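Chemist: First the structure, then my questions, so here it is.
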Amino acid sequence: MKRSFSFVDERGGLTVAFGTCFIAATYGLVRLAYGLFLPDMQTDLGVEAEQAGYISAGSSLVYCGAAAIGFARAATRPRLLVLCATCTACAGVWGMAGAADASAFSVFAVISSAGAGFASPALVTIVSRNVGSETVGRAQSTVNAGTGPGLVGAGVLALVLLPEWRLAWIAIGALTAAFAAAVLMTDRKRASTQAAAGASGLSKPWFAAHLEILVAATLMGAGSSAVWTYGRSFLVETGIGSEHDTIAAWIALGLGATAVIATARTVAILEAVDAWALSCTAMAVAITALILQPPHLSIALVACVVFGWGFTAATSALIAWTTDIDPANSAAGTAMLFVALVFGQAIGAAVLGAVITTAGFRPAFTAAATVTILAVAVRVARQRRQQSRGRRPSN
């Protein structure tokens with residue numbers, strides 16, 4: 001077997017497999033399935049649309065807080081962060097399952113989002129210390145792509161269990177706890193080079209080196225909120241298909257995100273900034289395809305596949321980008337960039353919601369595609385600046 005696939009035969013392969021499952025649970029099932037199950041939960045609990053928006057905003061803020069803690073502690077205490085992710089995610093989903101009214105449901109829904117914030121930076125460190133340096137980049141991309149299988153799993157649960165959404169949340173909590181235990185059992189309990197370096201602190205030049213990527217992540221997050229927050233509502237509004245068709249579109253998002261695992265080796269050949277430009281462009285094209293007239297279900301499904309791939313590949317590019325800047329502090333960089341991404345999603349959801357209310361879905365999605373392209377423009381600006389620095393004055 002080629003060395004580029006060697007982590008499959010080593011103990012690190014189990015870490016990658018269970019880490020992928022844990023991301024699938026905390027992101028694809030816990031955090032993102034909220035929007036998928038929301039219509040049924042609204043019917044049973046009387047959650048108004050405005051309240052649902054507040055829940056989404058609160059969840060984003062809690063995610064950012066958890067990721068900020070991960071930023072500070074991932075390099076030295078990744079196992080503790082896995083435990084924190086498990087406790088908050090499970091408490092949240094099981095609390096939602098048992099909620100008797102909208103108020104209790106809101107509290108637990110917000111708490112559950114912290115799990116994803118704790119999970120990502122923790123797994124960056126755990127993967128780094130369990131996988132060989134030759135394959136760690138592809139391993140990180142594979143684990144990060146766990147969101148895709150999680151989205152597919154959420155769609156399958158919706159098809160099988162809805163309208164019994166409480167049973168779905170109970171099952172999701174059990175899966176999350178099981179995957180967390182598996183990650184902790186396969187992790188080597190030892191200090192890593194990364195952990196030792198990360199504990200020494202971060203300098204002002206380190207933050208300055210991330211300025212471009214912080215802007216890019218925020219813009220991408222804002223653009224992506226159109227699909228994650230309003231995508232299913234848009235499909236229902238346009239009457240593209242039945243309720244099952246809209247769930248199928250959600251599964252298509254997951255299939256596209258899962259495809260990142262298959263393309264990880266190819267994309268890894270690219271520089272991180274080039275992978276970023278490619279993935280964000282794919283997202284912008286997919287968002288634009290959704291608003292084509294007249295609407296077609298087949299086009300919508302393909303667009304969802306492309307968007308799912310582009311979004312997940314872009315988040316993997318963020319990990320690779322910060323690793324290129326400073327490998328020793330990649331966990332802290334990942335946490336910081338994911339905070340910027342989710343902060344952008346919060347802003348985008350609020351602004352696009354206002355646009356939808358006043359002008360409709362298509363102008364809002366057009367604006368989202370434009371913002372996503374602006375995230376690519378950061379790459380172009382960087383390239384021009386590098387070319388300018390490389391010029392020599394003529395004699």
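Labels for the structure tokens follow display order: chains A, B, ..., residues from 1 in each chain, ligands from 1.
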Can you tell me, as a PyMOL selection string, what residues are no more than 7 Å from Gly19 (chain A) when counting only C-alpha atoms, ignoring any on the same chain fewer than 4 positions away?
Modeler: chain A and resi 15+23+123+143+183
Chemist: Write out as a short mmCIF file (atom, residue, chain, number, x, y, z; two decimals) with C-alpha atoms, in the first residue's frame each polymer residue whose atoms come within 7 Å of Gly256 (chain A), counting only C-alpha atoms; drop sequence neighbours fewer than 5 positions from it.
Modeler:
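Written output follows (around04.cif):
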```cif
data_model
loop_
_atom_site.label_atom_id
_atom_site.label_comp_id
_atom_site.auth_asym_id
_atom_site.auth_seq_id
_atom_site.Cartn_x
_atom_site.Cartn_y
_atom_site.Cartn_z
CA GLY A 148 -21.17 15.20 5.36
CA VAL A 305 -24.20 18.35 -3.79
CA VAL A 306 -21.82 21.01 -5.14
CA PHE A 307 -22.51 23.35 -2.23
CA GLY A 308 -21.96 20.59 0.33
CA TRP A 309 -18.62 19.75 -1.26
#
```
Chemist: How far is it from CA of Ala335 (chain A) to CA of Gly223 (chain A), in Å with one decimal?
Modeler: 19.6 Å
Chemist: Set the distance at 12 Å and use only C-alpha atoms: which residues neighbour Gln293 (chain A) once local chain neighbours fewer than 5 positions away are removed? I'd like the list as a CSV table (one decimal) with N, CA and C atoms, in the first residue's frame.
Modeler:
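The resulting file, result_9.csv, is shown below:
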```csv
chain,number,residue,atom,x,y,z
A,238,THR,N,-40.6,27.9,-3.1
A,238,THR,CA,-40.7,27.8,-4.6
A,238,THR,C,-41.5,26.6,-5.1
A,240,ILE,N,-40.6,23.5,-5.4
A,240,ILE,CA,-39.8,22.6,-6.3
A,240,ILE,C,-40.2,21.2,-6.1
A,288,THR,N,-26.0,30.3,-6.9
A,288,THR,CA,-26.6,30.9,-8.1
A,288,THR,C,-27.5,29.9,-8.8
A,299,ILE,N,-31.8,20.2,-10.8
A,299,ILE,CA,-30.8,21.2,-10.6
A,299,ILE,C,-30.5,21.6,-9.2
A,300,ALA,N,-31.6,21.6,-8.4
A,300,ALA,CA,-31.5,21.9,-7.0
A,300,ALA,C,-30.7,20.9,-6.3
A,362,ARG,N,-34.8,35.3,-3.8
A,362,ARG,CA,-33.8,35.4,-4.9
A,362,ARG,C,-32.8,36.5,-4.7
```
Chemist: Using only C-alpha atoms, which residue out of A:Ile261, A:Ala104, A:Val227, A:Ala99 lies closest to Thr20 (chain A)?
Modeler: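 Nearest to Thr20 (chain A): A:Ile261.
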Chemist: According to DSSP computed on the backbone, where in region 66-249 of chain A is there helix (DSSP H, G or I)? Give the residues as number ranges by chain.
Modeler: A: 66-73, 78-98, 102-112, 114-130, 136-144, 147-161, 165-186, 193-198, 204-209, 211-238, 243-249
Chemist: Find the spatial neighbours of Trp276 (chain A), counting only C-alpha atoms, within a cut-off of 9 Å - ignore same-chain residues fewer than 3 positions away - and output them as a ChimeraX atom specification.
Modeler: /A:271-273,279-281,310,313-318,321,375-376,379
Chemist: I need the residue nearest His210 (chain A) from this list: A:Ala332, A:Ile126, A:Ala368, A:Ile356. Use only C-alpha atoms for the distance.
Modeler: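 Looking only at the distances to His210 (chain A), the closest residue turns out to be A:Ala332.
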Chemist: Which polymer residues have any atom within 12 Å of an atom of Leu161 (chain A), counting only C-alpha atoms, with same-chain residues fewer than 5 positions away left out, as a list of chain:residue names?
Modeler: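 Here the answer would be A:Phe37, A:Asp40, A:Gly153, A:Ala154, A:Gly155, A:Val156, A:Arg166, A:Leu167, A:Ala168, A:Trp169, A:Ile170, A:Ala171.
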Chemist: Mind checking which residues fall within 7 Å of Pro121 (chain A), counting only C-alpha atoms, ignoring those fewer than 5 positions away in the same chain, and posting them as a PDB file with N, CA and C atoms, in the first residue's frame?
Modeler:
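This is the output file result_33.pdb:
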```
ATOM      1  N   GLY A  70     -11.710  26.420  23.024  1.00  0.00           N
ATOM      2  CA  GLY A  70     -10.875  25.483  22.290  1.00  0.00           C
ATOM      3  C   GLY A  70      -9.613  26.140  21.771  1.00  0.00           C
ATOM      4  N   PHE A  71      -9.737  27.378  21.346  1.00  0.00           N
ATOM      5  CA  PHE A  71      -8.596  28.164  20.877  1.00  0.00           C
ATOM      6  C   PHE A  71      -7.513  28.225  21.953  1.00  0.00           C
ATOM      7  N   ALA A  74      -6.926  23.783  23.235  1.00  0.00           N
ATOM      8  CA  ALA A  74      -6.858  22.590  22.384  1.00  0.00           C
ATOM      9  C   ALA A  74      -5.469  21.960  22.348  1.00  0.00           C
ATOM     10  N   ALA A 331      -4.204  23.965  15.901  1.00  0.00           N
ATOM     11  CA  ALA A 331      -5.458  23.788  16.630  1.00  0.00           C
ATOM     12  C   ALA A 331      -6.039  25.137  17.041  1.00  0.00           C
ATOM     13  N   ALA A 332      -5.170  26.023  17.558  1.00  0.00           N
ATOM     14  CA  ALA A 332      -5.627  27.358  17.935  1.00  0.00           C
ATOM     15  C   ALA A 332      -6.096  28.132  16.708  1.00  0.00           C
ATOM     16  N   THR A 334      -7.295  26.878  13.914  1.00  0.00           N
ATOM     17  CA  THR A 334      -8.563  26.311  13.464  1.00  0.00           C
ATOM     18  C   THR A 334      -9.720  26.847  14.282  1.00  0.00           C
ATOM     19  N   ALA A 335      -9.560  26.861  15.596  1.00  0.00           N
ATOM     20  CA  ALA A 335     -10.628  27.372  16.460  1.00  0.00           C
ATOM     21  C   ALA A 335     -10.942  28.826  16.136  1.00  0.00           C
TER      22      ALA A 335
END
```
Chemist: With distances taken over only C-alpha atoms, which of A:Thr125, A:Thr86, A:Thr366, A:Ser225 is nearest to Ala182 (chain A)?
Modeler: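 Looking at the shortest contact to Ala182 (chain A), the residue is A:Thr86.
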